[in-house]
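A.B. asks: Contents of entry.txt (compact mmCIF, C-alpha atoms) are given next:
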```txt
# COMPACT_ATOMS: atom_id res chain seq x y z
CA MET A 31 0.00 0.00 0.00
CA THR A 32 1.49 3.30 -1.10
CA ARG A 33 1.79 5.80 1.72
CA PRO A 34 0.86 9.45 1.00
CA VAL A 35 3.45 12.19 1.44
CA PHE A 36 3.13 15.90 2.14
CA SER A 37 2.69 18.05 -0.95
CA SER A 38 5.27 20.72 -0.05
CA ARG A 39 7.62 22.01 2.65
CA ALA A 40 5.10 24.73 3.55
CA ALA A 41 2.47 22.04 4.12
CA VAL A 42 4.93 20.13 6.32
CA LEU A 43 5.74 23.13 8.49
CA LEU A 44 2.16 24.35 8.89
CA THR A 45 0.98 20.85 9.79
CA MET A 46 3.79 20.19 12.26
CA ILE A 47 3.47 23.60 13.93
CA GLY A 48 -0.29 23.08 14.09
CA VAL A 49 0.21 19.82 15.98
CA SER A 50 2.74 21.39 18.36
CA VAL A 51 0.77 24.51 19.26
CA GLY A 52 -1.89 23.69 21.83
CA LEU A 53 -3.33 24.43 25.24
CA GLY A 54 0.06 24.22 26.95
CA ASN A 55 1.23 27.24 24.98
CA VAL A 56 -1.58 29.34 26.43
CA TRP A 57 -1.90 28.46 30.09
CA ARG A 58 1.29 26.56 31.04
CA PHE A 59 4.06 28.56 29.36
CA PRO A 60 3.12 32.04 30.70
CA TYR A 61 2.64 30.59 34.19
CA MET A 62 6.01 28.83 34.10
CA MET A 63 7.77 32.00 32.93
CA GLY A 64 6.23 33.88 35.83
CA GLN A 65 7.18 31.21 38.36
CA TYR A 66 10.69 30.41 37.10
CA GLY A 67 12.53 33.69 36.57
CA GLY A 68 10.72 35.53 33.77
CA SER A 69 12.79 35.86 30.62
CA ALA A 70 15.57 33.87 32.32
CA PHE A 71 13.29 30.84 31.98
CA LEU A 72 12.72 31.71 28.32
CA VAL A 73 16.49 31.77 27.65
CA ILE A 74 16.96 28.38 29.35
CA TYR A 75 13.94 27.01 27.52
CA LEU A 76 15.29 28.05 24.12
CA LEU A 77 18.73 26.55 24.82
CA LEU A 78 17.21 23.26 25.96
CA THR A 79 14.86 23.17 22.98
CA LEU A 80 17.86 23.57 20.69
CA ALA A 81 19.92 20.92 22.49
CA PHE A 82 17.27 18.31 23.24
CA ALA A 83 13.79 18.82 21.77
CA ILE A 84 14.89 19.48 18.19
CA PRO A 85 17.20 16.40 18.00
CA ALA A 86 14.42 14.28 19.55
CA LEU A 87 11.89 15.62 17.04
CA THR A 88 14.16 14.72 14.13
CA ALA A 89 14.50 11.23 15.60
CA GLU A 90 10.73 10.72 15.75
CA TRP A 91 10.36 11.89 12.16
CA ALA A 92 13.30 9.72 11.09
CA LEU A 93 11.79 6.57 12.60
CA GLY A 94 8.44 7.30 10.98
CA ARG A 95 9.94 7.99 7.57
CA ALA A 96 12.30 5.01 7.71
CA THR A 97 9.51 2.53 8.50
CA ARG A 98 6.56 4.30 6.79
CA SER A 99 4.41 2.95 9.64
CA GLY A 100 2.47 3.91 12.73
CA PRO A 101 3.70 3.08 16.25
CA ILE A 102 3.07 -0.67 16.06
CA GLY A 103 4.74 -1.09 12.68
CA ALA A 104 7.65 1.21 13.54
CA PHE A 105 8.49 -0.39 16.88
CA SER A 106 8.01 -3.90 15.46
CA HIS A 107 10.50 -3.07 12.73
CA ALA A 108 13.01 -1.80 15.29
CA PHE A 109 12.56 -4.21 18.22
CA GLY A 110 10.93 -7.27 16.68
CA ARG A 111 7.30 -8.29 16.26
CA VAL A 112 6.32 -9.11 19.85
CA PRO A 113 8.13 -6.30 21.74
CA GLY A 114 7.18 -3.83 19.03
CA ARG A 115 3.50 -4.72 19.20
CA VAL A 116 3.52 -4.46 23.00
CA ILE A 117 5.14 -1.00 22.99
CA GLY A 118 3.03 0.23 20.09
CA THR A 119 -0.19 -1.04 21.66
CA ILE A 120 0.60 0.66 25.00
CA LEU A 121 1.15 3.96 23.19
CA LEU A 122 -2.07 3.54 21.18
CA ILE A 123 -4.07 2.90 24.36
CA THR A 124 -2.43 5.99 25.86
CA ILE A 125 -3.51 8.13 22.90
CA LEU A 126 -6.99 6.59 22.90
CA VAL A 127 -7.60 7.54 26.53
CA ALA A 128 -5.77 10.88 26.40
CA ASP A 129 -7.72 12.04 23.36
CA SER A 130 -11.01 11.03 24.97
CA TYR A 131 -10.61 13.76 27.59
CA TYR A 132 -8.65 16.18 25.39
CA VAL A 133 -11.56 16.45 22.97
CA VAL A 134 -13.85 17.27 25.91
CA ILE A 135 -11.52 20.12 26.87
CA ILE A 136 -11.68 21.39 23.28
CA ALA A 137 -15.48 21.16 23.52
CA ASN A 138 -15.29 23.35 26.65
CA ILE A 139 -13.29 25.93 24.71
CA VAL A 140 -15.69 25.88 21.75
CA TYR A 141 -18.55 26.40 24.20
CA ALA A 142 -16.65 29.24 25.89
CA ALA A 143 -16.03 30.91 22.51
CA GLY A 144 -19.68 30.72 21.54
CA PHE A 145 -20.92 31.91 24.93
CA THR A 146 -18.47 34.84 24.93
CA VAL A 147 -19.72 36.14 21.57
CA LEU A 148 -23.43 35.33 21.84
CA ARG A 149 -24.11 36.03 25.50
CA GLY A 150 -21.18 37.61 27.32
CA PHE A 151 -20.68 37.71 31.07
CA ASP A 152 -22.84 40.64 32.17
CA GLY A 153 -25.36 40.09 34.95
CA SER A 154 -26.00 36.38 35.43
CA GLY A 155 -23.72 35.52 32.53
CA MET A 156 -20.98 33.88 34.59
CA ALA A 157 -23.44 31.66 36.47
CA ASP A 158 -25.09 30.54 33.22
CA TYR A 159 -21.65 29.98 31.69
CA GLN A 160 -20.59 27.72 34.58
CA ALA A 161 -23.85 25.80 34.28
CA GLY A 162 -23.11 25.12 30.62
CA LEU A 163 -19.65 23.81 31.44
CA GLN A 164 -21.26 21.38 33.87
CA ASN A 165 -23.92 20.25 31.40
CA GLY A 166 -22.69 16.77 30.45
CA VAL A 167 -25.15 16.35 27.58
CA LEU A 168 -24.05 19.61 25.95
CA GLN A 169 -20.34 18.89 26.40
CA TYR A 170 -20.73 15.33 25.12
CA ALA A 171 -22.60 16.50 22.03
CA LEU A 172 -19.91 19.09 21.27
CA ALA A 173 -17.13 16.54 21.83
CA LEU A 174 -18.80 14.01 19.51
CA ALA A 175 -19.18 16.70 16.85
CA LEU A 176 -15.48 17.53 17.15
CA MET A 177 -14.52 13.86 16.94
CA ALA A 178 -16.71 13.37 13.87
CA SER A 179 -15.26 16.48 12.23
CA SER A 180 -11.71 15.30 12.91
CA LEU A 181 -12.43 11.86 11.47
CA TYR A 182 -13.98 13.47 8.39
CA VAL A 183 -10.75 15.42 7.85
CA ILE A 184 -8.81 12.14 8.19
CA HIS A 185 -11.21 10.46 5.75
CA ARG A 186 -10.36 13.13 3.18
CA GLY A 187 -6.70 12.18 3.45
CA LEU A 188 -3.40 13.89 4.03
CA ARG A 189 -3.46 16.46 1.23
CA ARG A 190 -7.20 17.14 0.88
CA GLY A 191 -7.87 16.97 4.60
CA ILE A 192 -5.05 17.45 7.11
CA GLU A 193 -3.04 19.85 4.96
CA VAL A 194 -6.07 21.97 4.10
CA VAL A 195 -7.20 22.61 7.68
CA SER A 196 -3.61 23.25 8.77
CA ARG A 197 -3.16 25.85 6.03
CA TRP A 198 -6.20 27.74 7.30
CA PHE A 199 -6.07 27.25 11.05
CA VAL A 200 -2.41 28.01 11.82
CA PRO A 201 -2.30 31.40 10.01
CA PHE A 202 -5.67 32.30 11.54
CA PHE A 203 -4.29 31.64 15.04
CA LEU A 204 -1.22 33.77 14.26
CA ILE A 205 -3.29 36.71 12.99
CA VAL A 206 -5.63 36.62 15.99
CA ILE A 207 -2.86 36.35 18.59
CA VAL A 208 -0.86 39.23 17.04
CA TRP A 209 -3.98 41.38 17.02
CA LEU A 210 -4.60 40.53 20.68
CA VAL A 211 -1.02 41.39 21.63
CA ILE A 212 -1.44 44.82 20.01
CA SER A 213 -4.74 45.29 21.89
CA ALA A 214 -3.12 44.23 25.18
CA PHE A 215 -0.30 46.74 24.94
CA ARG A 216 -2.78 49.58 24.40
CA LEU A 217 -4.07 49.09 27.97
CA ASP A 218 -2.89 51.55 30.61
CA GLY A 219 -0.08 50.00 32.61
CA ALA A 220 0.28 46.94 30.37
CA LEU A 221 3.81 47.78 29.24
CA ASP A 222 5.00 48.26 32.84
CA HIS A 223 3.53 44.92 33.90
CA MET A 224 5.08 43.14 30.93
CA THR A 225 8.49 44.74 31.52
CA GLU A 226 8.44 43.56 35.11
CA PHE A 227 7.29 40.09 34.05
CA LEU A 228 10.06 39.73 31.46
CA LYS A 229 12.79 40.99 33.78
CA PRO A 230 15.33 38.15 33.91
CA ASP A 231 16.08 36.66 37.32
CA PHE A 232 18.82 34.08 36.80
CA SER A 233 19.11 33.66 40.57
CA ALA A 234 15.75 31.87 40.38
CA ILE A 235 17.16 29.26 37.99
CA GLY A 236 18.23 26.02 39.64
CA ALA A 237 18.04 22.30 38.87
CA GLU A 238 14.25 22.22 39.35
CA GLU A 239 13.73 25.13 36.97
CA ILE A 240 16.05 23.65 34.35
CA PHE A 241 14.19 20.35 34.31
CA ALA A 242 10.87 22.19 34.28
CA ALA A 243 12.03 24.02 31.14
CA LEU A 244 13.31 20.78 29.62
CA GLY A 245 10.03 18.99 30.30
CA GLN A 246 8.03 21.88 28.86
CA SER A 247 10.15 21.86 25.69
CA PHE A 248 9.44 18.15 25.09
CA PHE A 249 5.74 18.37 25.94
CA SER A 250 5.10 21.53 23.94
CA VAL A 251 6.69 20.29 20.71
CA GLY A 252 4.47 17.20 20.80
CA LEU A 253 7.00 14.41 21.28
CA GLY A 254 5.82 11.01 22.46
CA GLY A 255 6.36 8.38 19.78
CA THR A 256 2.90 8.93 18.32
CA PHE A 257 1.89 12.22 16.61
CA MET A 258 5.28 13.11 15.19
CA LEU A 259 6.18 9.53 14.36
CA VAL A 260 3.02 9.09 12.27
CA TYR A 261 3.37 12.46 10.56
CA GLY A 262 7.04 11.63 9.98
CA SER A 263 5.91 8.62 7.96
CA TYR A 264 4.32 11.11 5.53
CA LEU A 265 7.53 13.08 4.94
CA GLY A 266 9.06 12.88 1.49
CA ASP A 267 12.47 11.26 1.07
CA LYS A 268 14.06 14.61 0.15
CA GLU A 269 12.70 16.49 3.17
CA HIS A 270 15.53 17.81 5.39
CA LEU A 271 14.61 16.91 8.94
CA LEU A 272 16.87 19.13 11.07
CA PRO A 273 15.90 22.49 9.50
CA ASP A 274 12.21 21.55 9.54
CA ALA A 275 12.46 20.45 13.18
CA ALA A 276 14.09 23.76 14.09
CA VAL A 277 11.35 25.78 12.36
CA THR A 278 8.65 23.66 14.02
CA ALA A 279 10.13 24.01 17.51
CA PHE A 280 10.72 27.74 17.27
CA GLY A 281 7.31 28.27 15.66
CA ASP A 282 5.79 26.53 18.65
CA THR A 283 7.88 28.71 21.00
CA ALA A 284 6.83 31.86 19.14
CA ALA A 285 3.17 30.93 19.66
CA ALA A 286 3.78 30.45 23.39
CA VAL A 287 5.60 33.79 23.69
CA LEU A 288 2.87 35.63 21.77
CA ALA A 289 0.24 34.07 24.04
CA ALA A 290 2.24 35.30 27.04
CA LEU A 291 2.50 38.80 25.56
CA PHE A 292 -1.30 38.94 25.39
CA ILE A 293 -2.30 37.08 28.54
CA VAL A 294 0.21 38.38 31.08
CA PRO A 295 -0.27 42.17 30.75
CA THR A 296 -4.06 41.97 30.44
CA VAL A 297 -4.45 39.58 33.39
CA LEU A 298 -2.17 41.72 35.57
CA VAL A 299 -3.79 45.00 34.52
CA PHE A 300 -7.18 43.73 35.70
CA GLY A 301 -5.74 42.11 38.83
CA LEU A 302 -6.76 38.55 37.97
CA ASP A 303 -5.01 35.30 38.90
CA MET A 304 -2.57 34.00 36.28
CA SER A 305 -1.56 30.91 38.31
CA THR A 306 -4.79 28.97 37.87
CA GLY A 307 -3.24 26.38 35.55
CA PRO A 308 -5.71 24.84 33.07
CA GLY A 309 -8.46 26.93 34.64
CA LEU A 310 -6.83 30.00 33.11
CA VAL A 311 -8.57 29.27 29.80
CA LEU A 312 -12.04 28.44 31.13
CA GLU A 313 -12.21 30.56 34.31
CA THR A 314 -9.78 33.50 34.35
CA LEU A 315 -9.92 34.47 30.67
CA PRO A 316 -13.74 34.73 30.54
CA GLN A 317 -13.52 37.16 33.49
CA LEU A 318 -10.83 39.05 31.59
CA PHE A 319 -12.96 39.38 28.47
CA ALA A 320 -15.88 40.61 30.57
CA ASN A 321 -13.74 43.59 31.67
CA LEU A 322 -11.93 44.24 28.38
CA ALA A 323 -13.26 46.79 25.91
CA GLY A 324 -14.62 44.85 22.94
CA GLY A 325 -13.99 41.74 25.01
CA ARG A 326 -16.86 39.73 23.57
CA TRP A 327 -15.38 39.78 20.07
CA LEU A 328 -11.74 39.69 21.13
CA GLY A 329 -12.44 36.86 23.53
CA GLY A 330 -14.55 34.93 21.08
CA LEU A 331 -11.88 35.15 18.38
CA PHE A 332 -9.12 34.16 20.79
CA LEU A 333 -10.99 31.13 22.12
CA LEU A 334 -12.02 30.12 18.61
CA ALA A 335 -8.41 30.35 17.39
CA LEU A 336 -7.27 28.33 20.40
CA ALA A 337 -9.92 25.69 19.73
CA MET A 338 -8.80 25.50 16.10
CA VAL A 339 -5.14 24.74 16.87
CA ALA A 340 -6.24 22.29 19.59
CA PHE A 341 -8.45 20.68 16.94
CA LEU A 342 -5.33 20.05 14.84
CA SER A 343 -3.81 18.09 17.73
CA ASN A 344 -7.05 16.12 18.00
CA ILE A 345 -6.81 15.25 14.30
CA ALA A 346 -3.25 14.04 14.87
CA ALA A 347 -4.32 11.87 17.81
CA LEU A 348 -7.10 10.22 15.81
CA GLU A 349 -4.76 9.78 12.84
CA VAL A 350 -2.42 7.87 15.18
CA LEU A 351 -5.32 5.59 16.17
CA VAL A 352 -6.36 5.04 12.55
CA ARG A 353 -2.81 4.19 11.51
CA GLY A 354 -2.47 1.90 14.53
CA ALA A 355 -5.63 0.03 13.62
CA GLU A 356 -4.37 -0.29 10.05
CA ASP A 357 -1.13 -1.79 11.40
CA PHE A 358 -3.20 -4.41 13.22
CA GLY A 359 -5.48 -5.19 10.31
CA GLY A 360 -3.00 -5.03 7.45
CA LYS A 361 -3.74 -4.05 3.87
CA ALA A 362 -7.09 -5.86 3.86
CA THR A 363 -8.59 -3.39 6.32
CA GLY A 364 -10.27 -0.50 4.51
CA ARG A 365 -9.43 2.94 5.89
CA ASP A 366 -13.08 4.02 6.07
CA ARG A 367 -13.92 0.90 8.07
CA VAL A 368 -11.07 1.66 10.45
CA ILE A 369 -12.34 5.23 10.90
CA VAL A 370 -15.78 3.90 11.88
CA ILE A 371 -14.20 1.46 14.35
CA VAL A 372 -12.17 4.24 15.96
CA ALA A 373 -15.33 6.36 16.32
CA LEU A 374 -17.27 3.49 17.94
CA VAL A 375 -14.46 2.80 20.41
CA GLN A 376 -13.82 6.44 21.25
CA ALA A 377 -17.43 7.58 21.73
CA PRO A 378 -18.09 5.80 25.07
CA LEU A 379 -14.70 6.89 26.44
CA ILE A 380 -15.54 10.51 25.65
CA ALA A 381 -18.79 10.11 27.60
CA LEU A 382 -16.84 9.32 30.78
CA SER A 383 -14.99 12.65 30.72
CA ALA A 384 -18.00 14.64 29.51
CA PHE A 385 -20.32 13.44 32.27
CA ARG A 386 -17.64 13.01 34.95
CA PRO A 387 -15.17 15.86 34.31
CA GLU A 388 -13.49 15.23 37.67
CA VAL A 389 -11.88 12.09 36.20
CA ILE A 390 -9.89 14.13 33.67
CA ALA A 391 -7.17 15.00 36.18
CA ILE A 392 -6.93 11.33 37.23
CA LEU A 393 -6.72 10.09 33.65
CA ASP A 394 -4.15 12.73 32.77
CA MET A 395 -1.99 11.64 35.70
CA PHE A 396 -1.66 8.17 34.18
CA PHE A 397 -2.01 8.81 30.45
CA GLY A 398 -0.59 12.32 30.08
CA SER A 399 2.90 13.66 30.47
CA GLY A 400 4.61 10.54 31.81
CA MET A 401 3.53 8.30 28.95
CA GLN A 402 4.50 11.02 26.49
CA VAL A 403 8.05 11.01 27.84
CA MET A 404 8.17 7.21 27.77
CA GLY A 405 7.00 7.14 24.16
CA SER A 406 9.67 9.61 23.07
CA LEU A 407 12.31 7.63 24.97
CA MET A 408 11.24 4.41 23.22
CA THR A 409 11.41 6.19 19.86
CA LEU A 410 15.01 7.30 20.41
CA LEU A 411 16.01 3.78 21.43
CA ALA A 412 14.14 2.28 18.47
CA LEU A 413 15.91 4.55 16.00
CA THR A 414 19.47 4.53 17.34
CA TRP A 415 19.65 1.01 18.78
CA GLY A 416 16.99 -0.77 16.73
CA LEU A 417 17.59 0.65 13.25
CA GLY A 418 21.19 1.63 14.00
CA LYS A 419 23.64 4.34 13.07
CA ARG A 420 23.57 3.86 9.32
CA GLU A 421 19.78 4.21 8.98
CA THR A 422 19.66 7.09 11.46
CA LEU A 423 22.23 9.13 9.56
CA LYS A 424 20.66 8.20 6.24
CA GLN A 425 17.38 9.73 7.39
CA VAL A 426 18.74 12.81 9.15
CA PHE A 427 21.84 13.55 7.04
CA PRO A 428 21.19 12.29 3.50
CA GLN A 429 24.26 14.15 2.20
CA GLY A 430 26.62 11.77 3.97
CA GLU A 431 28.56 11.49 7.20
CA GLY A 432 30.92 13.95 8.81
CA ALA A 433 31.93 15.23 12.20
CA PHE A 434 28.54 16.71 13.14
CA PRO A 435 26.42 13.74 12.02
CA GLY A 436 28.57 11.46 14.16
CA PHE A 437 28.16 13.79 17.14
CA TYR A 438 24.42 13.98 16.53
CA PHE A 439 24.07 10.19 16.54
CA HIS A 440 25.82 9.78 19.89
CA TRP A 441 23.84 12.73 21.27
CA VAL A 442 20.44 11.18 20.43
CA ARG A 443 21.63 7.70 21.38
CA TRP A 444 22.93 8.57 24.84
CA VAL A 445 22.40 12.13 26.04
CA VAL A 446 18.81 12.87 24.96
CA PRO A 447 17.47 9.52 26.26
CA GLY A 448 19.30 10.22 29.52
CA ALA A 449 17.56 13.59 29.83
CA LEU A 450 14.19 11.99 29.10
CA LEU A 451 14.83 9.32 31.70
CA VAL A 452 15.51 12.00 34.33
CA ILE A 453 12.30 13.83 33.36
CA LEU A 454 10.36 10.56 33.60
CA LEU A 455 11.78 9.79 37.04
CA LEU A 456 10.99 13.31 38.27
CA TYR A 457 7.46 12.95 36.90
CA LEU A 458 6.98 9.62 38.70
CA ARG A 459 8.27 11.16 41.91
CA SER A 460 5.78 14.01 41.62
CA VAL A 461 2.95 11.52 41.02
CA PHE A 462 3.74 9.35 44.03
CA THR A 463 4.83 12.09 46.45
CA GLY A 464 2.60 14.94 45.32
CA GLN A 465 5.59 17.30 45.04
```
Here is a file; write its structure as structure tokens.
C.D. replies:
Amino acid sequence: MTRPVFSSRAAVLLTMIGVSVGLGNVWRFPYMMGQYGGSAFLVIYLLLTLAFAIPALTAEWALGRATRSGPIGAFSHAFGRVPGRVIGTILLITILVADSYYVVIIANIVYAAGFTVLRGFDGSGMADYQAGLQNGVLQYALALALMASSLYVIHRGLRRGIEVVSRWFVPFFLIVIVWLVISAFRLDGALDHMTEFLKPDFSAIGAEEIFAALGQSFFSVGLGGTFMLVYGSYLGDKEHLLPDAAVTAFGDTAAAVLAALFIVPTVLVFGLDMSTGPGLVLETLPQLFANLAGGRWLGGLFLLALAMVAFLSNIAALEVLVRGAEDFGGKATGRDRVIVIVALVQAPLIALSAFRPEVIAILDMFFGSGMQVMGSLMTLLALTWGLGKRETLKQVFPQGEGAFPGFYFHWVRWVVPGALLVILLLYLRSVFTGQ
């Protein structure tokens, strides 16, 4: 079966940046900058992204392109049939569960966008808004509609589906966020607040802050042995991985910085709480838009743009599941049939998070960040130990070997997996100790 490939480099970059940019860029990155030394954290983050996240991203793409498979096929090729199927299946179950609550969160954001524009938060608006967030039937219906829309995009294929929505959604997000940044800096006192926020405090940077920045760089780019591995299988043979990985990573960082330039000054000007974590999107920002001039339209556009880039990640998650099911079924399994199977399996899982939103935090503890780190670690081992040096360098450096390619291979074979292992251990410690 011939695998599709991206139509152009622009399509590659827009699609990959679209997968990378997500909710973490909006609520987690500004909060972490504020907690870990302002622009000092940003400097550390950029250095660690360059040293670790970009090489790891090229490795995930390289494994996908070398095997032209999803997780099960790729890991089976690298580790053997039985170990590969076990690892690939674990990662597919992880994505299945993680996407079941992620799509509910996107449904919350779509609801928030619509409520902001159509109703606003005057009078009893906030109470009615909260009631809608707690309406399981409404959230489930929205989540099912998002899942169906994502699967329709997948049904249309790589070029007529995934590429098309990426070409529209990513530029739209960029235009909206730049407009919001300009609006934010027109507020009285916004520039002073932002200057104070960005003031570097390198004395606040220690081992904990460094590993927080390293973990954020891996999570934000979308590593995990799933999304980027599958999309890597669609890269053309002539695509240069390192430059594309650099553009993707720094495009993702630019989105996070732009979000911070809008959120931080406006939240501080109105005296709201920026440290509410995920609640920043669904609780603090609606209050912000209620106080901001033209907030109904600004807020609606912002939440819509955020939902659109989150939707791209949802498409990627479902594409991973479709490819995984195809790996199980082989060439005889029709893609449309697989899409229907994925929908039937995912629908009841979505219901759990829609009607019992308190389980999302529990599910994320087990199927979120930790499994993402493990998947990326397995990918690096599969490429450098399973496929070996020759295939790794063939994928990443098609022009031939030299001093830097040799250094790169040892870096992604030893150093980057070591960093991921430390992140994984720190994550497990936080889970079991609550610290």
A.B. asks: List as an MDAnalysis selection string the protein and nucleic acid residues near Gly416 (chain A), meaning an atom at most 8 Å away when all atoms listed in the file are counted, but skip any in the same chain fewer than 5 places from it.
C.D. replies: chainID A and resid 107:109 411
A.B. asks: Figure out the distance between CA of Leu310 (chain A) and CA of Gly150 (chain A), please, to one decimal in Å.
C.D. replies: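 It comes out at 17.2 Å.
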A.B. asks: If we count all atoms listed in the file and set the cut-off at 9 Å, which residues sit around Val372 (chain A), ignoring sequence neighbours fewer than 5 positions away in its own chain? Please answer as an MDAnalysis selection string.
C.D. replies: chainID A and resid 126 181 348 351:352 355 367 377
A.B. asks: Which residues are near Tyr438 (chain A)? Cut-off 12 Å, all atoms listed in the file, ignore same chain within fewer than 3 positions. Put them as a list in words.
C.D. replies: Ala81, Phe82, Ile84, Pro85, Ala86, Thr88, Ala89, Leu272, Thr414, Lys419, Thr422, Leu423, Val426, Phe427, Glu431, Gly432, Ala433, Phe434, Pro435, Trp441, Val442, Arg443, Trp444, Val445 and Val446 of chain A
A.B. asks: Restricting it to C-alpha atoms, dump the selection as an mmCIF file, keeping the file's coordinate frame.
C.D. replies:
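Listing of result-v8.cif after writing:
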```cif
data_model
loop_
_atom_site.group_PDB
_atom_site.id
_atom_site.type_symbol
_atom_site.label_atom_id
_atom_site.label_comp_id
_atom_site.auth_asym_id
_atom_site.auth_seq_id
_atom_site.Cartn_x
_atom_site.Cartn_y
_atom_site.Cartn_z
ATOM 1 C CA ALA A 81 19.920 20.920 22.490
ATOM 2 C CA PHE A 82 17.270 18.310 23.240
ATOM 3 C CA ILE A 84 14.890 19.480 18.190
ATOM 4 C CA PRO A 85 17.200 16.400 18.000
ATOM 5 C CA ALA A 86 14.420 14.280 19.550
ATOM 6 C CA THR A 88 14.160 14.720 14.130
ATOM 7 C CA ALA A 89 14.500 11.230 15.600
ATOM 8 C CA LEU A 272 16.870 19.130 11.070
ATOM 9 C CA THR A 414 19.470 4.530 17.340
ATOM 10 C CA LYS A 419 23.640 4.340 13.070
ATOM 11 C CA THR A 422 19.660 7.090 11.460
ATOM 12 C CA LEU A 423 22.230 9.130 9.560
ATOM 13 C CA VAL A 426 18.740 12.810 9.150
ATOM 14 C CA PHE A 427 21.840 13.550 7.040
ATOM 15 C CA GLU A 431 28.560 11.490 7.200
ATOM 16 C CA GLY A 432 30.920 13.950 8.810
ATOM 17 C CA ALA A 433 31.930 15.230 12.200
ATOM 18 C CA PHE A 434 28.540 16.710 13.140
ATOM 19 C CA PRO A 435 26.420 13.740 12.020
ATOM 20 C CA TRP A 441 23.840 12.730 21.270
ATOM 21 C CA VAL A 442 20.440 11.180 20.430
ATOM 22 C CA ARG A 443 21.630 7.700 21.380
ATOM 23 C CA TRP A 444 22.930 8.570 24.840
ATOM 24 C CA VAL A 445 22.400 12.130 26.040
ATOM 25 C CA VAL A 446 18.810 12.870 24.960
#
```
A.B. asks: Rank A:Gly162, A:Gly187, A:Gly301, A:Pro428 by their smallest atom-to-atom distance to Ala384 (chain A), using all atoms listed in the file, and report the top residue only.
C.D. replies: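 Among A:Gly162, A:Gly187, A:Gly301, A:Pro428, it is A:Gly162 that comes nearest to Ala384 (chain A).
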A.B. asks: Please provide the set of residues having any atom within 9 Å of Leu333 (chain A), restricted to all atoms listed in the file, with same-chain residues fewer than 2 positions apart removed, written as a PyMOL selection string.
C.D. replies: chain A and resi 139-140+142-144+146+311+328-331+335-338
A.B. asks: Kindly indicate which residue among A:Leu334, A:Leu172, A:Ile136, A:Leu407 lies nearest to Gly255 (chain A), using all atoms listed in the file for the distances.
C.D. replies: A:Leu407
A.B. asks: So what do you get for CA of Ser247 (chain A) versus CA of Gly48 (chain A), distance-wise?
C.D. replies: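 Going from CA of Ser247 (chain A) over to CA of Gly48 (chain A) covers 15.7 Å.
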A.B. asks: Between A:Pro60, A:Gly418, A:Gly100, A:Gly54, which residue has the minimum interatomic distance to Val297 (chain A), considering only C-alpha atoms?
C.D. replies: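 Among the listed residues, the smallest separation from Val297 (chain A) belongs to A:Pro60.
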A.B. asks: Check the smallest atom-to-atom distance from each of A:Trp327, A:Met401, A:Ala289, A:Tyr264 to Leu148 (chain A) using all atoms listed in the file, then report the winner.
C.D. replies: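 Counting all atoms listed in the file, the residue closest to Leu148 (chain A) is A:Trp327.
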A.B. asks: Taking into account only C-alpha atoms, which residue in the set A:Val133, A:Gln425, A:His440, A:Arg149 is nearest to Ser180 (chain A)?
C.D. replies: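 For Ser180 (chain A), the nearest of the given residues is A:Val133.
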A.B. asks: Point out the residue among A:Ser250, A:Phe397, A:Glu269, A:Ser263 with the least atom-to-atom distance to Gln429 (chain A), counting only C-alpha atoms.
C.D. replies: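 Once distances to Gln429 (chain A) are computed over only C-alpha atoms, the minimum belongs to A:Glu269.
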A.B. asks: Grab all the atoms of region 261-279 of chain A that the file lists, wrap them in a box along x, y and z, add 5 Å per side, and give me centre plus edge lengths in Å (one decimal) as AutoDock Vina command-line options.
C.D. replies:
```
--center_x 10.1 --center_y 17.2 --center_z 8.8 --size_x 23.5 --size_y 27.2 --size_z 27.4
```
A.B. asks: Up to 12 Å from (-12.6, 15.0, 5.8) in the file's coordinates: name the residues, counting all atoms listed in the file, as a ChimeraX atom specification.
C.D. replies: /A:176-195,345,349,366,369
A.B. asks: What's the separation between CA of Phe248 (chain A) and CA of Leu78 (chain A), in Å to one decimal place?
C.D. replies: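 That distance, rounded to one decimal, is 9.3 Å.
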A.B. asks: Do a neighbour search on Asp222 (chain A) at 12 Å with all atoms listed in the file, toss out local chain neighbours closer than 5 positions, and write the hits as a PyMOL selection string.
C.D. replies: chain A and resi 214-217+227-229+294-296+298-299
A.B. asks: Would you mind putting back N, CA and C atoms on region 123-128 of chain A, then writing it out as a CSV table (one decimal), in the frame of the given file?
C.D. replies:
```
chain,number,residue,atom,x,y,z
A,123,ILE,N,-3.1,2.8,23.3
A,123,ILE,CA,-4.1,2.9,24.4
A,123,ILE,C,-3.9,4.2,25.1
A,124,THR,N,-2.7,4.7,25.2
A,124,THR,CA,-2.4,6.0,25.9
A,124,THR,C,-3.1,7.1,25.1
A,125,ILE,N,-2.9,7.1,23.7
A,125,ILE,CA,-3.5,8.1,22.9
A,125,ILE,C,-5.0,8.0,22.9
A,126,LEU,N,-5.5,6.8,22.9
A,126,LEU,CA,-7.0,6.6,22.9
A,126,LEU,C,-7.6,7.2,24.1
A,127,VAL,N,-7.0,7.0,25.3
A,127,VAL,CA,-7.6,7.5,26.5
A,127,VAL,C,-7.3,9.0,26.6
A,128,ALA,N,-6.1,9.5,26.3
A,128,ALA,CA,-5.8,10.9,26.4
A,128,ALA,C,-6.6,11.7,25.5
```
